[in-house]
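*Asks:* First the structure, which I've put down as structure tokens, then a few questions once you've had a look.
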Amino acid sequence: MNSLIKKFRIKSFKEENPIIELRDLSISYGNRQIVEKLNLNIQKSEISGLLGPNGAGKSTIYHSIIGLVKPTYGKIIIDGVDATNIPTHQRCSKFGISWCPQYGGAWSDLTVYDNLMAIAELHIKNKNERLTKVDNLLRKFELQNVIKLKSKYLSGGQNRKLILAMAMVKNTKILILDEPFAALDPQSVRMIQQIIVSLQMFERISVSISDHSSRDLLGCVDSAMVLSEGEIIAKGTPQELVRNNKAIEAYFGEGFKI
Ligand SMILES: Nc1ncnc2c1ncn2[C@@H]1O[C@H](COP(=O)(O)OP(=O)(O)OP(=O)(O)O)[C@@H](O)[C@H]1O
Ligand SMILES: [Mg+2]
């Protein structure tokens with residue numbers, strides 16, 4: 001299946017054409033520096049992976065891109081515009097950013113259907129379009145059997161699918177997925193990989209994925225990078241990255257294969 005997914009690759013990404021540029025980005029929580037003068041690019045229409053050990057700062061970087069965490073230094077450039085000081089809601093609508101958070105993301109006392117509908121009401125004015133979109137997502141993410149269940153009663157994987165479906169309600173240009181594969185069974189992982197690849201192919205969206213299911217991640221990205229101790233220590237195609245000694249030492253460990 002991974003080879004099937006890779007067979008769909010539509011182009012190689014040799015030229016730099018960043019949709020997101022983090023320039024000399026520093027972020028601290030209190031006195032604790034999480035990243036210092038980090039430079040990182042996410043290329044337009046590319047599916048890119050962000051790997052790194054627990055606590056390396058991956059979610060923090062995503063939070064800064066969305067605007068939930070304010071950097072202490074540096075700039076966040078999105079689609080050529082300095083977005084560092086643009087508030088979250090404006091940033092996400094202006095640049096078409098959707099985010100699947102690592103934790104939370106759904107209203108626990110709302111049903112699956114109402115969670116999706118609540119997001120749809122924010123983004124889709126036309127009622128018929130809204131109903132169609134929600135129906136399609138319920139089908140795509142195989143959530144039809146649990147539409148009436150409050151999200152707090154969903155299984156781990158069902159909950160993950162709901163969060164992903166919610167991230168895909170609006171038309172997106174940049175999709176940020178923080179651990180999309182966590183808690184998913186193997187067939188659901190393939191389903192999500194295919195959704196991500198088809199979004200890139202047919203809608204040309206740019207995607208950044210962070211996940212510790214490294215094989216699943218590397219099975220659907222064009223390139224990936226490894227963040228360690230606040231720095232990007234390795235980047236390249238999946239094949240290049242798993243052979244990179246710094247990436248092996250800091251993240252994959254010896255003997256990791258894809
Ligand atoms: N709001 C916060 N206040 C204080 N410290 C925080 C906060 N959020 C994260 N941290 C700390 O920042 C560091 C980076 O956390 P982050 O969640 O970005 O890591 P991560 O790379 O996403 O890890 P994981 O792979 O476990 O998800 C960790 O040491 C974490 O404890
Ligand atoms: Mg994280």
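Residues are named by chain letter and number: chains run A, B, ... in the order of the structure tokens, numbers start at 1 in each chain, and ligands are numbered from 1 in the order shown.
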Which chains and residue numbers are within 12 Å of ligand 1, counting only C-alpha atoms and all ligand atoms, if I want them as a VMD selection string?
*Replies:* chain A and resid 27 to 35 50 to 64 68 to 70 101 to 103 177 to 180 182 209 to 214 226 to 231 251
*Asks:* Keeping only N, CA and C atoms, write the selected residues as a short mmCIF file (atom, residue, chain, number, x, y, z; two decimals), in the first residue's frame.
*Replies:*
data_model
loop_
_atom_site.label_atom_id
_atom_site.label_comp_id
_atom_site.auth_asym_id
_atom_site.auth_seq_id
_atom_site.Cartn_x
_atom_site.Cartn_y
_atom_site.Cartn_z
N ILE A 27 11.18 30.31 20.63
CA ILE A 27 9.98 30.21 21.47
C ILE A 27 10.41 29.73 22.85
N SER A 28 9.88 30.39 23.86
CA SER A 28 10.16 29.97 25.24
C SER A 28 8.84 29.81 25.98
N TYR A 29 8.84 28.88 26.93
CA TYR A 29 7.76 28.84 27.92
C TYR A 29 8.40 29.27 29.23
N GLY A 30 8.06 30.45 29.72
CA GLY A 30 8.75 30.99 30.90
C GLY A 30 10.23 31.11 30.57
N ASN A 31 11.07 30.53 31.45
CA ASN A 31 12.51 30.61 31.22
C ASN A 31 13.01 29.52 30.30
N ARG A 32 12.10 28.61 29.94
CA ARG A 32 12.55 27.44 29.18
C ARG A 32 12.48 27.68 27.68
N GLN A 33 13.67 27.66 27.06
CA GLN A 33 13.74 27.88 25.60
C GLN A 33 13.43 26.55 24.91
N ILE A 34 12.42 26.56 24.05
CA ILE A 34 12.05 25.32 23.34
C ILE A 34 12.72 25.28 21.97
N VAL A 35 12.61 26.36 21.20
CA VAL A 35 13.41 26.46 19.97
C VAL A 35 14.12 27.79 19.96
N LEU A 50 7.29 16.17 9.88
CA LEU A 50 8.09 16.76 10.95
C LEU A 50 8.24 15.69 12.03
N LEU A 51 9.46 15.15 12.11
CA LEU A 51 9.72 14.09 13.09
C LEU A 51 10.61 14.64 14.20
N GLY A 52 10.63 13.92 15.31
CA GLY A 52 11.51 14.32 16.39
C GLY A 52 11.05 13.68 17.68
N PRO A 53 11.99 13.51 18.61
CA PRO A 53 11.65 12.84 19.87
C PRO A 53 10.57 13.58 20.66
N ASN A 54 9.97 12.89 21.61
CA ASN A 54 8.97 13.51 22.49
C ASN A 54 9.59 14.76 23.13
N GLY A 55 8.82 15.82 23.10
CA GLY A 55 9.27 17.05 23.75
C GLY A 55 10.21 17.89 22.91
N ALA A 56 10.46 17.48 21.66
CA ALA A 56 11.41 18.24 20.81
C ALA A 56 10.86 19.62 20.44
N GLY A 57 9.54 19.75 20.42
CA GLY A 57 8.96 21.06 20.10
C GLY A 57 8.09 21.06 18.84
N LYS A 58 7.71 19.89 18.36
CA LYS A 58 6.94 19.81 17.11
C LYS A 58 5.57 20.49 17.25
N SER A 59 4.84 20.09 18.31
CA SER A 59 3.51 20.70 18.50
C SER A 59 3.65 22.20 18.76
N THR A 60 4.69 22.56 19.49
CA THR A 60 4.93 23.99 19.78
C THR A 60 5.12 24.77 18.47
N ILE A 61 5.86 24.19 17.54
CA ILE A 61 6.07 24.84 16.24
C ILE A 61 4.73 25.00 15.52
N TYR A 62 3.92 23.95 15.53
CA TYR A 62 2.60 24.04 14.91
C TYR A 62 1.76 25.13 15.58
N HIS A 63 1.83 25.17 16.92
CA HIS A 63 1.04 26.19 17.63
C HIS A 63 1.49 27.59 17.23
N SER A 64 2.80 27.74 17.00
CA SER A 64 3.28 29.08 16.61
C SER A 64 2.83 29.41 15.19
N LEU A 68 -1.18 30.25 18.14
CA LEU A 68 -1.57 29.97 19.53
C LEU A 68 -0.43 30.26 20.50
N VAL A 69 0.80 30.23 19.97
CA VAL A 69 1.97 30.53 20.80
C VAL A 69 2.72 31.66 20.10
N LYS A 70 3.09 32.67 20.89
CA LYS A 70 3.78 33.81 20.29
C LYS A 70 5.29 33.62 20.42
N PRO A 101 -5.31 19.06 15.92
CA PRO A 101 -4.45 19.10 17.10
C PRO A 101 -4.08 17.71 17.62
N GLN A 102 -2.97 17.66 18.35
CA GLN A 102 -2.55 16.37 18.93
C GLN A 102 -3.55 15.90 19.97
N TYR A 103 -4.05 16.83 20.76
CA TYR A 103 -5.03 16.49 21.81
C TYR A 103 -6.29 17.33 21.65
N LEU A 177 -1.25 18.55 10.47
CA LEU A 177 -1.77 17.36 11.15
C LEU A 177 -0.80 16.92 12.24
N ASP A 178 -1.22 17.11 13.48
CA ASP A 178 -0.36 16.73 14.62
C ASP A 178 -0.80 15.35 15.11
N GLU A 179 -0.02 14.36 14.76
CA GLU A 179 -0.28 12.95 15.10
C GLU A 179 -1.60 12.42 14.55
N PRO A 180 -1.80 12.52 13.24
CA PRO A 180 -3.06 12.02 12.67
C PRO A 180 -3.22 10.51 12.76
N ALA A 182 -2.15 8.52 15.26
CA ALA A 182 -2.17 7.96 16.62
C ALA A 182 -3.51 7.28 16.86
N ILE A 209 2.86 17.05 8.44
CA ILE A 209 2.41 15.99 9.35
C ILE A 209 3.49 15.70 10.37
N SER A 210 3.10 15.62 11.63
CA SER A 210 4.00 15.12 12.65
C SER A 210 3.40 13.85 13.21
N ASP A 211 4.19 12.80 13.35
CA ASP A 211 3.65 11.57 13.91
C ASP A 211 4.80 10.65 14.29
N HIS A 212 4.60 9.87 15.35
CA HIS A 212 5.63 8.89 15.74
C HIS A 212 5.44 7.55 15.03
N SER A 213 4.32 7.40 14.31
CA SER A 213 4.19 6.22 13.45
C SER A 213 5.03 6.52 12.22
N SER A 214 6.36 6.40 12.40
CA SER A 214 7.28 6.93 11.38
C SER A 214 7.09 6.28 10.02
N VAL A 226 13.93 16.12 10.67
CA VAL A 226 14.00 15.67 12.07
C VAL A 226 14.39 16.86 12.93
N LEU A 227 13.54 17.12 13.92
CA LEU A 227 13.80 18.19 14.88
C LEU A 227 14.37 17.56 16.15
N SER A 228 15.51 18.08 16.58
CA SER A 228 16.08 17.57 17.83
C SER A 228 16.71 18.72 18.58
N GLU A 229 16.40 18.82 19.84
CA GLU A 229 16.90 19.89 20.70
C GLU A 229 16.76 21.27 20.04
N GLY A 230 15.57 21.48 19.48
CA GLY A 230 15.25 22.80 18.94
C GLY A 230 15.84 23.11 17.58
N GLU A 231 16.49 22.12 16.94
CA GLU A 231 17.11 22.37 15.63
C GLU A 231 16.68 21.31 14.63
N TYR A 251 16.77 10.01 16.26
CA TYR A 251 15.36 9.64 16.22
C TYR A 251 15.06 8.18 15.89
#
*Asks:* Name all residues at most 12 Å from range 188-198 of chain A (count only C-alpha atoms; drop same-chain ones fewer than 5 positions away) and give them as number ranges by chain.
*Replies:* A: 1-10, 45-48, 137, 139-143, 157-158, 160-165, 167-168, 172, 174-177, 179-183, 203-209, 211, 213-222
*Asks:* Thr88 in chain A: which residues within 9 Å, counting only C-alpha atoms, same-chain residues fewer than 4 positions away excluded, as a ChimeraX atom specification?
*Replies:* /A:65-68,92-93
*Asks:* Hey, can you spit out that residue selection with C-alpha atoms as a compact mmCIF listing (two decimals), in the first residue's frame?
*Replies:*
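Dumped to out_27.txt:
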# COMPACT_ATOMS: atom_id res chain seq x y z
CA ILE A 65 2.33 28.67 12.92
CA ILE A 66 -1.35 28.82 13.85
CA GLY A 67 -0.78 31.70 16.24
CA LEU A 68 -1.57 29.97 19.53
CA CYS A 92 -6.36 30.67 9.57
CA SER A 93 -9.04 32.25 7.38
*Asks:* From the options A:Cys100, A:Ile147, A:Ile20, A:Leu40, which residue's atoms come nearest to ligand 2, counting only C-alpha atoms and all ligand atoms?
*Replies:*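 Nearest candidate to ligand 2 out of A:Cys100, A:Ile147, A:Ile20, A:Leu40: A:Cys100.
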*Asks:* Write down as a VMD selection string the residues belonging to range 13-245 of chain A that are assigned strand (DSSP E or B) by DSSP computed on the backbone.
*Replies:* chain A and resid 18 to 29 32 to 43 47 to 51 73 to 78 81 to 82 97 to 100 111 150 174 to 178 206 to 210 223 to 228 231 to 236
*Asks:* Measure the distance from CA of Thr132 in chain A to CA of Lys170 in chain A in Å and round it to one decimal.
*Replies:* 12.6 Å
*Asks:* Which parts of range 130-230 of chain A does DSSP call alpha helix (DSSP H) when run on the backbone here, written out as a PyMOL selection string?
*Replies:* chain A and resi 130-140+156-167+186-203+214-218
*Asks:* Would you compute the distance between CA of Ile86 in chain A and CA of Asn171 in chain A? Give it in Å to one decimal.
*Replies:* 20.1 Å
*Asks:* Calculated over only C-alpha atoms, which of the candidates A:Leu199, A:Ile76, A:Leu154, A:Ala250 has the smallest distance to Ser26 in chain A?
*Replies:*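 Of the candidates, the smallest distance to Ser26 in chain A is held by A:Ile76.
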*Asks:* Excluding same-chain residues fewer than 6 positions from Asp24 in chain A, what lies within 10 Å of it counting only C-alpha atoms, as a list in words?
*Replies:*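 Close residues of Asp24 in chain A: Val35, Glu36, Lys37, Leu38, Asn39, Leu40, Pro71, Tyr73, Gly74, Lys75 and Ile76 of chain A.
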*Asks:* Just C-alpha atoms for this one: save the residues we selected as a PDB file, in the first residue's frame.
*Replies:*
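Result written to out-v3.pdb:
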ATOM      1  CA  VAL A  35      13.408  26.455  19.970  1.00  0.00           C
ATOM      2  CA  GLU A  36      16.112  29.008  19.328  1.00  0.00           C
ATOM      3  CA  LYS A  37      16.601  30.771  16.002  1.00  0.00           C
ATOM      4  CA  LEU A  38      14.959  27.938  14.121  1.00  0.00           C
ATOM      5  CA  ASN A  39      14.771  28.134  10.331  1.00  0.00           C
ATOM      6  CA  LEU A  40      12.271  25.812   8.731  1.00  0.00           C
ATOM      7  CA  PRO A  71       7.464  33.559  19.418  1.00  0.00           C
ATOM      8  CA  TYR A  73      11.960  36.270  18.392  1.00  0.00           C
ATOM      9  CA  GLY A  74      11.812  35.722  14.650  1.00  0.00           C
ATOM     10  CA  LYS A  75       9.199  35.736  11.943  1.00  0.00           C
ATOM     11  CA  ILE A  76       6.491  33.468  10.586  1.00  0.00           C
TER      12      ILE A  76
END
*Asks:* Hey, which of A:Asn136, A:Glu129, A:Gly49, A:Ala120 ends up closest to Leu241 in chain A? Count only C-alpha atoms.
*Replies:*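 Using only C-alpha atoms, Leu241 in chain A sits closest to A:Gly49.
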*Asks:* Name the closest residue to Met166 in chain A among the candidates A:Phe256, A:Phe95, A:Phe202, A:Trp107; distances are taken between atoms, counting only C-alpha atoms.
*Replies:*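 When distances to Met166 in chain A are compared using only C-alpha atoms, the smallest one comes from A:Trp107.
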